[in-house]
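**Student:** To be precise about what I am sending: the file is called upload_26.cif and holds mmCIF, C-alpha atoms and all ligand atoms.
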data_run
#
loop_
_atom_site.label_atom_id
_atom_site.label_comp_id
_atom_site.auth_asym_id
_atom_site.auth_seq_id
_atom_site.Cartn_x
_atom_site.Cartn_y
_atom_site.Cartn_z
CA MET K 291 111.50 89.70 108.80
CA LEU K 292 107.78 88.96 108.76
CA GLU K 293 106.28 87.94 112.12
CA LYS K 294 105.12 84.32 112.22
CA GLU K 295 101.36 83.96 112.10
CA ILE K 296 100.05 82.43 115.33
CA PHE K 297 96.49 81.08 115.48
CA ILE K 298 94.95 80.83 118.95
CA LEU K 299 91.54 79.56 120.06
CA ALA K 300 90.36 80.90 123.44
CA VAL K 301 87.35 79.73 125.44
CA GLU K 302 85.71 81.68 128.29
CA SER K 303 83.15 80.18 130.68
CA SER K 304 83.74 81.94 134.01
CA CYS K 305 80.19 83.11 134.71
CA ASP K 306 77.05 83.03 132.55
CA ASP K 307 78.42 83.66 129.04
CA THR K 308 79.89 80.84 126.96
CA SER K 309 82.31 82.35 124.49
CA ALA K 310 84.98 81.29 121.98
CA ALA K 311 87.32 83.45 119.91
CA VAL K 312 89.93 82.82 117.26
CA PHE K 313 92.88 85.19 116.82
CA LYS K 314 95.64 85.53 114.24
CA ASN K 315 98.37 87.20 116.33
CA GLU K 316 96.63 90.19 117.97
CA HIS K 317 93.92 90.34 115.31
CA LYS K 318 90.44 89.08 116.07
CA LEU K 319 89.08 86.69 113.45
CA SER K 320 85.97 85.70 115.42
CA ASN K 321 84.40 86.21 118.85
CA ILE K 322 81.19 84.26 119.51
CA VAL K 323 79.26 84.87 122.76
CA SER K 324 76.25 82.86 123.89
CA THR K 325 74.54 84.57 126.83
CA GLN K 326 72.49 82.35 129.13
CA GLU K 327 69.08 83.91 129.49
CA ILE K 328 67.77 81.35 132.00
CA HIS K 329 69.20 83.37 134.95
CA GLU K 330 66.81 86.28 134.32
CA LEU K 331 64.02 84.12 135.76
CA TYR K 332 65.89 83.90 139.08
CA GLY K 333 67.09 87.49 139.38
CA GLY K 334 70.76 86.46 139.39
CA VAL K 335 73.20 83.82 138.15
CA VAL K 336 72.39 80.30 139.42
CA PRO K 337 75.79 78.51 139.44
CA GLU K 338 74.39 75.00 138.90
CA LEU K 339 72.37 76.11 135.87
CA ALA K 340 75.29 78.11 134.49
CA SER K 341 77.65 75.12 134.37
CA ARG K 342 75.03 72.93 132.72
CA ALA K 343 74.34 75.56 130.08
CA HIS K 344 78.11 75.90 129.40
CA GLN K 345 78.25 72.16 128.77
CA GLN K 346 75.42 72.44 126.25
CA ASN K 347 76.86 75.51 124.52
CA ILE K 348 80.58 74.93 124.42
CA VAL K 349 80.84 72.65 121.37
CA PRO K 350 78.54 74.70 119.07
CA VAL K 351 80.13 77.99 120.20
CA VAL K 352 83.69 76.74 119.49
CA ASP K 353 82.53 75.29 116.19
CA GLN K 354 81.01 78.63 115.15
CA ALA K 355 84.14 80.55 116.17
CA LEU K 356 86.37 78.29 114.03
CA LYS K 357 84.00 78.47 111.05
CA LYS K 358 83.71 82.26 111.22
CA ALA K 359 87.52 82.52 111.39
CA GLY K 360 87.77 80.23 108.37
CA ILE K 361 90.21 77.80 110.01
CA THR K 362 90.15 74.26 111.38
CA LEU K 363 91.46 72.79 114.63
CA GLN K 364 94.57 71.61 112.76
CA ASP K 365 95.56 75.24 112.01
CA LEU K 366 95.80 76.15 115.71
CA ASP K 367 99.15 76.94 117.36
CA ALA K 368 97.76 77.09 120.94
CA VAL K 369 94.52 76.86 122.91
CA ALA K 370 93.57 79.08 125.86
CA PHE K 371 90.98 79.08 128.61
CA THR K 372 89.93 81.29 131.50
CA LYS K 373 91.62 79.94 134.62
CA GLY K 374 89.75 82.26 137.02
CA PRO K 375 88.30 84.11 138.83
CA GLY K 376 84.72 82.94 138.47
CA LEU K 377 82.23 80.25 139.41
CA MET K 378 84.04 76.95 139.98
CA GLY K 379 81.52 74.76 138.13
CA SER K 380 81.51 77.15 135.17
CA LEU K 381 85.29 77.52 135.00
CA LEU K 382 85.76 73.74 134.95
CA VAL K 383 83.82 73.43 131.68
CA ALA K 384 86.25 75.46 129.53
CA ASN K 385 89.22 74.21 131.55
CA SER K 386 88.52 70.52 130.85
CA PHE K 387 87.40 71.08 127.28
CA VAL K 388 90.47 73.11 126.28
CA LYS K 389 92.87 70.74 128.05
CA SER K 390 91.50 67.84 126.00
CA LEU K 391 92.02 69.87 122.83
CA ALA K 392 95.62 70.69 123.78
CA LEU K 393 96.26 67.04 124.50
CA SER K 394 94.72 65.72 121.30
CA LEU K 395 96.23 68.40 119.03
CA ASN K 396 99.57 68.31 120.88
CA ILE K 397 99.81 72.11 121.09
CA PRO K 398 100.51 74.46 124.04
CA LEU K 399 97.83 75.18 126.64
CA ILE K 400 97.49 78.72 128.04
CA GLY K 401 95.54 79.57 131.23
CA VAL K 402 94.39 83.19 131.38
CA ASN K 403 93.35 85.47 134.23
CA HIS K 404 89.86 86.83 133.39
CA MET K 405 90.58 90.21 134.98
CA GLN K 406 93.80 90.65 132.99
CA GLY K 407 91.59 89.97 129.97
CA HIS K 408 89.28 92.88 130.84
CA LEU K 409 92.27 95.25 130.98
CA LEU K 410 94.34 93.93 128.10
CA ALA K 411 91.27 93.89 125.80
CA HIS K 412 92.53 97.32 124.71
CA PHE K 413 95.32 95.57 122.80
CA ILE K 414 92.92 93.62 120.54
CA LYS K 415 93.16 94.76 116.94
CA ASP K 416 90.04 94.86 114.79
CA GLU K 417 88.17 97.28 112.53
CA GLU K 418 86.97 99.34 115.52
CA GLN K 419 90.15 99.45 117.56
CA ASP K 420 93.71 99.89 116.36
CA GLU K 421 95.37 102.00 119.05
CA ALA K 422 96.43 100.50 122.39
CA PRO K 423 97.36 102.35 125.60
CA GLU K 424 101.04 102.99 126.27
CA PHE K 425 102.66 101.78 129.49
CA PRO K 426 102.36 102.74 132.26
CA PHE K 427 98.60 103.15 132.35
CA LEU K 428 95.97 103.25 135.04
CA GLY K 429 93.64 100.28 134.57
CA VAL K 430 90.15 100.42 136.04
CA THR K 431 88.34 97.08 136.31
CA ILE K 432 84.63 97.55 136.86
CA SER K 433 82.39 94.51 136.69
CA GLY K 434 79.82 92.50 138.63
CA GLY K 435 82.52 91.15 140.93
CA HIS K 436 85.33 93.73 140.79
CA THR K 437 86.16 97.39 141.26
CA GLN K 438 89.89 97.95 141.16
CA LEU K 439 92.48 100.54 140.25
CA VAL K 440 95.50 98.83 138.76
CA LYS K 441 98.84 100.32 137.78
CA VAL K 442 99.91 98.47 134.63
CA THR K 443 103.61 98.84 133.78
CA LYS K 444 103.91 95.91 131.34
CA HIS K 445 101.49 93.29 130.00
CA PHE K 446 102.04 91.10 133.04
CA GLU K 447 103.32 93.65 135.54
CA MET K 448 100.33 94.92 137.47
CA GLU K 449 99.88 96.43 140.92
CA ILE K 450 96.51 96.88 142.63
CA ILE K 451 96.53 100.41 144.09
CA GLY K 452 92.89 100.55 145.17
CA GLU K 453 89.86 98.28 145.35
CA THR K 454 86.39 98.00 146.77
CA LEU K 455 86.09 97.17 150.44
CA ASP K 456 82.59 95.73 149.97
CA ASP K 457 80.29 95.59 146.89
CA ALA K 458 81.58 95.88 143.32
CA ILE K 459 80.15 98.74 141.26
CA GLY K 460 78.27 96.33 138.93
CA GLU K 461 76.78 94.65 142.00
CA ALA K 462 75.55 98.07 143.20
CA PHE K 463 73.87 98.63 139.79
CA ASP K 464 72.28 95.17 139.92
CA LYS K 465 71.11 95.38 143.56
CA CYS K 466 69.73 98.92 143.32
CA GLY K 467 68.10 98.03 140.00
CA LYS K 468 66.42 95.10 141.74
CA MET K 469 65.02 97.57 144.33
CA PHE K 470 63.68 99.63 141.42
CA GLY K 471 61.93 96.47 140.16
CA LEU K 472 64.26 95.96 137.16
CA PRO K 473 65.24 92.52 135.80
CA TYR K 474 68.73 91.00 136.23
CA PRO K 475 71.27 92.20 135.19
CA ALA K 476 69.95 95.66 135.96
CA GLY K 477 73.07 97.62 134.89
CA PRO K 478 72.12 97.95 131.21
CA GLU K 479 68.46 98.75 132.14
CA ILE K 480 69.47 101.52 134.57
CA ASP K 481 71.74 102.92 131.87
CA ARG K 482 68.86 102.99 129.33
CA LEU K 483 66.32 104.56 131.73
CA ALA K 484 68.80 107.06 133.19
CA ASP K 485 69.15 108.61 129.77
CA ILE K 486 65.73 110.29 130.12
CA GLY K 487 65.88 111.00 133.86
CA ASN K 488 67.16 113.94 135.93
CA PRO K 489 70.50 113.00 137.56
CA ARG K 490 70.20 115.79 140.17
CA LYS K 491 66.67 114.96 141.32
CA PHE K 492 67.66 112.78 144.31
CA GLN K 493 70.83 112.85 146.41
CA PHE K 494 72.34 109.61 147.68
CA ALA K 495 75.20 109.13 150.15
CA LYS K 496 78.77 109.06 148.88
CA PRO K 497 81.27 107.12 151.01
CA GLN K 498 84.23 108.74 152.72
CA VAL K 499 87.00 106.25 152.05
CA LYS K 500 90.41 107.88 152.52
CA ASN K 501 92.95 106.17 150.24
CA LEU K 502 92.32 104.81 146.75
CA ASP K 503 89.83 102.17 147.93
CA PHE K 504 86.11 102.20 147.15
CA SER K 505 82.90 101.40 148.96
CA PHE K 506 79.54 100.91 147.28
CA SER K 507 77.51 99.31 150.06
CA GLY K 508 76.71 102.70 151.64
CA LEU K 509 75.18 103.90 148.38
CA LYS K 510 73.03 100.76 148.25
CA THR K 511 71.82 101.27 151.83
CA SER K 512 71.16 104.93 151.19
CA VAL K 513 68.96 104.02 148.18
CA LEU K 514 67.16 101.36 150.25
CA TYR K 515 66.31 103.69 153.19
CA PHE K 516 65.30 106.48 150.84
CA LEU K 517 62.90 104.18 148.95
CA GLN K 518 61.42 102.80 152.20
CA ARG K 519 60.70 106.35 153.42
CA GLU K 520 59.17 107.51 150.15
CA ILE K 521 57.07 104.37 149.58
CA LYS K 522 55.45 104.89 153.01
CA LYS K 523 54.22 108.27 151.78
CA ASN K 524 53.40 107.15 148.24
CA PRO K 525 53.21 103.44 147.32
CA ASP K 526 53.66 104.34 143.62
CA PHE K 527 56.83 106.34 144.27
CA ILE K 528 59.16 104.05 142.27
CA LYS K 529 56.83 103.80 139.29
CA GLU K 530 56.32 107.56 139.16
CA ASN K 531 60.03 108.38 139.53
CA LEU K 532 61.80 105.49 137.82
CA TYR K 533 63.76 107.53 135.27
CA ASP K 534 64.95 110.06 137.86
CA LEU K 535 65.84 107.30 140.33
CA CYS K 536 67.97 105.54 137.71
CA ALA K 537 69.61 108.80 136.59
CA SER K 538 70.36 109.92 140.17
CA PHE K 539 71.75 106.53 141.18
CA GLN K 540 73.92 106.31 138.05
CA TYR K 541 75.17 109.87 138.54
CA THR K 542 76.28 109.06 142.10
CA ALA K 543 77.92 105.71 141.25
CA VAL K 544 79.82 107.28 138.33
CA LYS K 545 80.91 110.21 140.50
CA ILE K 546 82.27 107.91 143.23
CA LEU K 547 84.27 106.03 140.61
CA VAL K 548 85.58 109.00 138.62
CA ASP K 549 86.57 110.99 141.75
CA LYS K 550 88.83 108.08 142.75
CA ILE K 551 90.29 107.81 139.26
CA LYS K 552 91.19 111.52 139.50
CA LYS K 553 92.86 110.98 142.86
CA ALA K 554 94.79 107.97 141.55
CA SER K 555 95.92 109.88 138.47
CA LEU K 556 97.20 112.74 140.63
CA GLN K 557 98.97 110.39 143.00
CA THR K 558 100.65 108.27 140.33
CA GLN K 559 101.07 111.05 137.76
CA ILE K 560 99.66 108.64 135.16
CA LYS K 561 97.35 110.26 132.66
CA THR K 562 96.54 107.27 130.48
CA ILE K 563 93.37 105.66 131.79
CA ALA K 564 91.97 102.36 130.46
CA ILE K 565 88.70 100.94 131.73
CA GLY K 566 87.46 97.38 131.42
CA GLY K 567 84.66 95.07 132.60
CA GLY K 568 80.88 95.06 132.18
CA VAL K 569 80.26 98.49 133.71
CA SER K 570 82.55 100.14 131.13
CA ALA K 571 79.56 99.75 128.76
CA ASN K 572 77.76 102.43 130.82
CA THR K 573 76.91 105.49 128.72
CA GLY K 574 76.94 107.92 131.65
CA LEU K 575 80.43 106.77 132.63
CA ARG K 576 81.71 106.90 129.06
CA GLN K 577 80.46 110.50 128.69
CA LYS K 578 81.89 111.57 132.03
CA LEU K 579 85.31 110.04 131.25
CA ARG K 580 85.41 111.72 127.84
CA SER K 581 84.68 115.14 129.36
CA GLU K 582 87.19 114.59 132.19
CA ALA K 583 89.77 113.56 129.60
CA GLN K 584 89.58 117.05 128.11
CA GLN K 585 89.68 118.83 131.46
CA GLN K 586 92.43 116.72 133.04
CA GLY K 587 94.51 116.16 129.92
CA TRP K 588 93.93 112.41 130.13
CA LYS K 589 94.12 109.92 127.33
CA VAL K 590 91.15 107.65 127.99
CA PHE K 591 90.70 104.18 126.51
CA ILE K 592 87.16 102.81 126.50
CA PRO K 593 86.64 99.35 124.96
CA PRO K 594 84.14 98.81 122.13
CA PHE K 595 80.89 97.36 123.59
CA GLU K 596 81.80 93.87 122.32
CA TYR K 597 84.76 93.73 124.73
CA CYS K 598 83.09 95.31 127.79
CA THR K 599 81.06 92.36 129.03
CA ASP K 600 82.49 88.84 129.22
CA ASN K 601 83.90 87.53 125.94
CA ALA K 602 86.65 85.18 124.75
CA ALA K 603 88.42 87.77 122.57
CA MET K 604 89.89 89.35 125.70
CA ILE K 605 91.14 85.91 126.79
CA ALA K 606 92.67 85.35 123.34
CA ILE K 607 94.66 88.61 123.40
CA VAL K 608 96.17 87.76 126.80
CA ALA K 609 96.93 84.27 125.47
CA TYR K 610 98.71 85.81 122.48
CA PHE K 611 101.05 87.81 124.75
CA LYS K 612 101.60 84.74 126.92
CA TYR K 613 102.45 82.76 123.79
CA LYS K 614 105.05 85.38 122.87
CA TYR K 615 106.57 85.25 126.35
CA ARG K 616 106.26 81.43 126.36
CA TYR K 617 104.07 81.48 129.49
CA PHE K 618 102.43 78.10 128.99
CA SER K 619 100.33 76.09 131.45
CA ASP K 620 100.70 72.39 132.03
CA LEU K 621 97.91 69.85 131.87
CA THR K 622 97.48 69.88 135.64
CA ALA K 623 96.36 73.55 135.62
CA THR K 624 93.38 73.96 137.93
CA ALA K 625 90.48 76.41 137.91
CA LYS K 626 90.76 79.25 140.45
CA ALA K 627 87.49 80.66 141.77
CA ARG K 628 89.48 83.40 143.51
CA PHE K 629 92.32 84.78 141.45
CA LYS K 630 93.94 88.19 141.83
CA ILE K 631 94.68 90.24 138.71
CA THR K 632 98.36 90.09 139.67
CA GLU K 633 98.37 86.27 139.57
CA ASN K 634 99.00 84.13 136.50
O1 LIG O 701 82.36 91.88 133.21
P1 LIG O 701 80.97 91.37 133.32
O2 LIG O 701 80.24 91.01 132.06
O3 LIG O 701 80.92 90.11 134.23
C1 LIG O 701 81.67 90.00 135.38
O4 LIG O 701 82.86 89.57 135.26
O5 LIG O 701 81.13 90.41 136.45
O6 LIG O 701 80.14 92.48 134.14
C2 LIG O 701 78.78 92.31 134.43
C3 LIG O 701 78.31 93.54 135.19
C4 LIG O 701 76.88 93.41 135.72
O7 LIG O 701 76.86 93.85 137.05
C5 LIG O 701 76.08 94.33 134.81
O8 LIG O 701 74.93 94.88 135.42
C6 LIG O 701 77.09 95.40 134.50
O9 LIG O 701 78.30 94.69 134.31
N1 LIG O 701 76.75 96.16 133.27
C7 LIG O 701 76.45 97.46 133.29
C8 LIG O 701 76.15 97.82 131.94
N2 LIG O 701 76.32 96.70 131.16
C9 LIG O 701 76.69 95.70 132.01
N3 LIG O 701 76.38 98.35 134.30
C10 LIG O 701 76.04 99.61 134.00
N4 LIG O 701 75.73 100.03 132.74
C11 LIG O 701 75.79 99.17 131.68
N5 LIG O 701 75.49 99.60 130.45
ZN ZN O 702 84.09 89.86 133.55
#
Would you mind writing the file's structure down as structure tokens?
Ligand code: KG4
Ligand code: ZN

**Tutor:**
Amino acid sequence: MLEKEIFILAVESSCDDTSAAVFKNEHKLSNIVSTQEIHELYGGVVPELASRAHQQNIVPVVDQALKKAGITLQDLDAVAFTKGPGLMGSLLVANSFVKSLALSLNIPLIGVNHMQGHLLAHFIKDEEQDEAPEFPFLGVTISGGHTQLVKVTKHFEMEIIGETLDDAIGEAFDKCGKMFGLPYPAGPEIDRLADIGNPRKFQFAKPQVKNLDFSFSGLKTSVLYFLQREIKKNPDFIKENLYDLCASFQYTAVKILVDKIKKASLQTQIKTIAIGGGVSANTGLRQKLRSEAQQQGWKVFIPPFEYCTDNAAMIAIVAYFKYKYRYFSDLTATAKARFKITEN
């Protein structure tokens, strides 16, 4: 019997990207992302400005997503939104908008956990990606707000086995990049500059955290003290060593992360590794994981760039599975600024 075709519209507005995607079952028909550039001026996301920009962008972004998919609102079987985690004012924009759609179209409403989206993005089917990880797999969420190791046994059966005790890895990229004088978000800039630098030129502290947890604040402090010392001797130190600073920082951050993934894989005996979140766009990390995959006998899943940073396609794929399991939300569903990956 042929599977029924389900059309889902998903809207994501948890931070500073307004995004809408249309899916036919697990296939992506469109995924429109509008990134708010205004925050660059302030060196970080300004919540008040983010929610206003979402309000301006949401209607045109949804309109474009429907047009690109070649469908109309009347073709939809369900609508989905990011329930959390994220900035409250930003989350409320998609939440209210999508609820009104569900009400007026009289179709199911599906609230989605943003972090589940980052991990389940591997199940999206499109021209670039047609193979998904098999359960159980070791999920690694690495973004501006998260660094977690998650044992995923089914779509909605997840267990956090390790997480950062302080800064997230993306936060470490952004904060150290700021010290190097780079614009926000500094992660992609560090990545680009590191490519030409020497990763072994400078040594920075690696934390000694025993179990599967992480710490990135020590690395940040180590970079800060090192720069303060060197700038005293040579005020142009950063300018003259920018490439090597970026390469050495990136090398250390990637090593901290990958060493813990190795430990987790040994402990759980899981050799399928799937990464997700903004930092999974990092070239140094992607290379390191590919080489470790060969040495450790891992099967590594790295999302296409389109699904690394925030996007609605990852919300749509989770919504599709929720639709299949009939996990619907009611119209009183609230936004959750704090929301664990294990929560629905
Ligand atoms: O998942 P995401 O788009 O938003 C959050 O949910 O946080 O992740 C954003 C984070 C930022 O810290 C950004 O600097 C980092 O991902 N990032 C990168 C790269 N691209 C984005 N970090 C390192 N290398 C990259 N290429
Ligand atoms: Zn994210």

**Student:** What does the structure give for the distance between CA of Gly434 in chain K and CA of Leu502 in chain K, in Å to one decimal?

**Tutor:**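 Between these atoms lies a distance of 19.3 Å.
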
**Student:** Extract, using all atoms listed in the file, all DNA, RNA and protein residues at most 7 Å from range 315-325 of chain K, discarding same-chain residues fewer than 3 positions from it, and format them as a VMD selection string.

**Tutor:** chain K and resid 295 to 297 306 to 312 351 355 358 to 359 414 to 416 601 to 603 607 610

**Student:** Out of K:Ala384, K:Ala606, K:Leu395, K:Leu409, which residue has the shortest atom-to-atom distance to ligand ZN 702 (chain O) when counting all atoms listed in the file?

**Tutor:** K:Leu409

**Student:** Could you list, as a PyMOL selection string, all the residues within 10 Å of ligand ZN 702 (chain O), counting all atoms listed in the file?

**Tutor:** chain K and resi 302+304-307+375-376+404-408+431-436+566-569+597-601+604

**Student:** Pick the closest to ligand LIG 701 (chain O) from K:Pro497, K:Gly477, K:Gly452, K:Gly333: which is it, counting all atoms listed in the file?

**Tutor:**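 Closest to ligand LIG 701 (chain O), using all atoms listed in the file: K:Gly477.
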
**Student:** Go through K:Pro478, K:Pro337, K:Gly508, K:Gly429 one by one, measure the shortest atom-to-atom distance of each to Ser555 in chain K using all atoms listed in the file, and give the residue with the smallest value.

**Tutor:** K:Gly429

**Student:** The centre and edge lengths of an axis-aligned box containing all atoms of range 306-320 of chain K present in the file, extended by 4 Å on each side, are to be given in Å to one decimal, as JSON.

**Tutor:**
{"center_x": 87.7, "center_y": 85.6, "center_z": 123.0, "size_x": 29.3, "size_y": 17.5, "size_z": 27.1}

**Student:** Have a look at CA of Glu330 in chain K and CA of Ala476 in chain K and let me know their distance in Å, one decimal.

**Tutor:**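 So the two atoms, CA of Glu330 in chain K and CA of Ala476 in chain K, lie 10.0 Å apart.
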
**Student:** What lies within 12 Å of Asp457 in chain K using all atoms listed in the file, ignoring chain neighbours under 5 positions off, as an NGL selection string?

**Tutor:** :K and (432-438 or 462-466 or 503-511 or 543)

**Student:** What does the distance between CA of Leu514 in chain K and CA of Lys578 in chain K come to in Å, to one decimal place?

**Tutor:**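 If I compute the distance from CA of Leu514 in chain K to CA of Lys578 in chain K, I get 25.6 Å.
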
**Student:** Quick one: everything within 8 Å of Leu532 in chain K, counting all atoms listed in the file, minus sequence neighbours fewer than 3 positions away in the same chain. Send it as a compact mmCIF listing (two decimals) with C-alpha atoms, keeping the file's coordinate frame.

**Tutor:**
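Result went into selection-v2.txt, see below:
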# COMPACT_ATOMS: atom_id res chain seq x y z
CA PHE K 470 63.68 99.63 141.42
CA LEU K 483 66.32 104.56 131.73
CA GLY K 487 65.88 111.00 133.86
CA ILE K 528 59.16 104.05 142.27
CA LYS K 529 56.83 103.80 139.29
CA LEU K 535 65.84 107.30 140.33
CA CYS K 536 67.97 105.54 137.71

**Student:** Here's a test: counting all atoms listed in the file, identify every protein, DNA and RNA residue with an atom at most 7 Å from (95.0, 112.1, 130.7) in the file's coordinate frame, and state them as JSON, numbers by chain.

**Tutor:** {"K": [561, 562, 563, 583, 586, 587, 588, 589, 590]}

**Student:** Which of these, K:Ile592, K:Ile361, K:Val349, K:Ile486, has the shortest distance to Ser570 in chain K once you count all atoms listed in the file?

**Tutor:**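 For Ser570 in chain K, the nearest of the given residues is K:Ile592.
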
**Student:** Excluding Glu447 in chain K and any residue of its chain fewer than 2 positions from it, enumerate the residues within 10 Å of it, using only C-alpha atoms, and give them as a ChimeraX atom specification.

**Tutor:** /K:426,440-445,449,631-633

**Student:** Closest to Ser619 in chain K among K:Ala300, K:Leu410, K:Ala571, K:Val369, using only C-alpha atoms?

**Tutor:**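 For Ser619 in chain K, the nearest of the given residues is K:Val369.
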
**Student:** Which residue is closest to Ala564 in chain K? Choose from K:Leu517, K:Ile605, K:Ile348, K:Ala411 and count only C-alpha atoms.

**Tutor:** K:Ala411

**Student:** Near Tyr617 in chain K, counting all atoms listed in the file, which residues have an atom at most 12 Å away, once you skip same-chain residues fewer than 2 positions from it, shown as number ranges by chain?

**Tutor:** K: 368, 370, 398-402, 446, 608-615, 619-620, 634

**Student:** Since the input has fewer atoms than a full residue there, write range 404-419 of chain K out with N, CA and C atoms, as a CSV table (one decimal), keeping the file's coordinate frame.

**Tutor:**
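For reference, selection28.csv as written:
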chain,number,residue,atom,x,y,z
K,404,HIS,N,91.0,86.1,133.9
K,404,HIS,CA,89.9,86.8,133.4
K,404,HIS,C,90.0,88.4,133.6
K,405,MET,N,90.5,88.8,134.7
K,405,MET,CA,90.6,90.2,135.0
K,405,MET,C,91.7,90.9,134.1
K,406,GLN,N,92.8,90.1,133.9
K,406,GLN,CA,93.8,90.6,133.0
K,406,GLN,C,93.2,90.8,131.6
K,407,GLY,N,92.3,89.9,131.3
K,407,GLY,CA,91.6,90.0,130.0
K,407,GLY,C,90.8,91.3,129.8
K,408,HIS,N,90.1,91.6,130.9
K,408,HIS,CA,89.3,92.9,130.8
K,408,HIS,C,90.2,94.1,130.6
K,409,LEU,N,91.4,94.1,131.2
K,409,LEU,CA,92.3,95.2,131.0
K,409,LEU,C,93.1,95.2,129.7
K,410,LEU,N,93.5,94.0,129.3
K,410,LEU,CA,94.3,93.9,128.1
K,410,LEU,C,93.5,93.9,126.8
K,411,ALA,N,92.2,93.9,127.0
K,411,ALA,CA,91.3,93.9,125.8
K,411,ALA,C,91.6,95.1,124.9
K,412,HIS,N,92.2,96.1,125.5
K,412,HIS,CA,92.5,97.3,124.7
K,412,HIS,C,93.6,97.0,123.6
K,413,PHE,N,94.3,95.9,123.8
K,413,PHE,CA,95.3,95.6,122.8
K,413,PHE,C,94.8,94.7,121.6
K,414,ILE,N,93.5,94.4,121.7
K,414,ILE,CA,92.9,93.6,120.5
K,414,ILE,C,92.9,94.5,119.3
K,415,LYS,N,93.2,94.0,118.2
K,415,LYS,CA,93.2,94.8,116.9
K,415,LYS,C,92.0,94.3,116.1
K,416,ASP,N,91.1,95.2,115.7
K,416,ASP,CA,90.0,94.9,114.8
K,416,ASP,C,89.6,96.1,114.1
K,417,GLU,N,88.5,96.1,113.3
K,417,GLU,CA,88.2,97.3,112.5
K,417,GLU,C,87.8,98.5,113.4
K,418,GLU,N,87.4,98.2,114.6
K,418,GLU,CA,87.0,99.3,115.5
K,418,GLU,C,88.1,99.9,116.4
K,419,GLN,N,89.1,99.1,116.6
K,419,GLN,CA,90.2,99.4,117.6
K,419,GLN,C,91.5,99.2,117.0
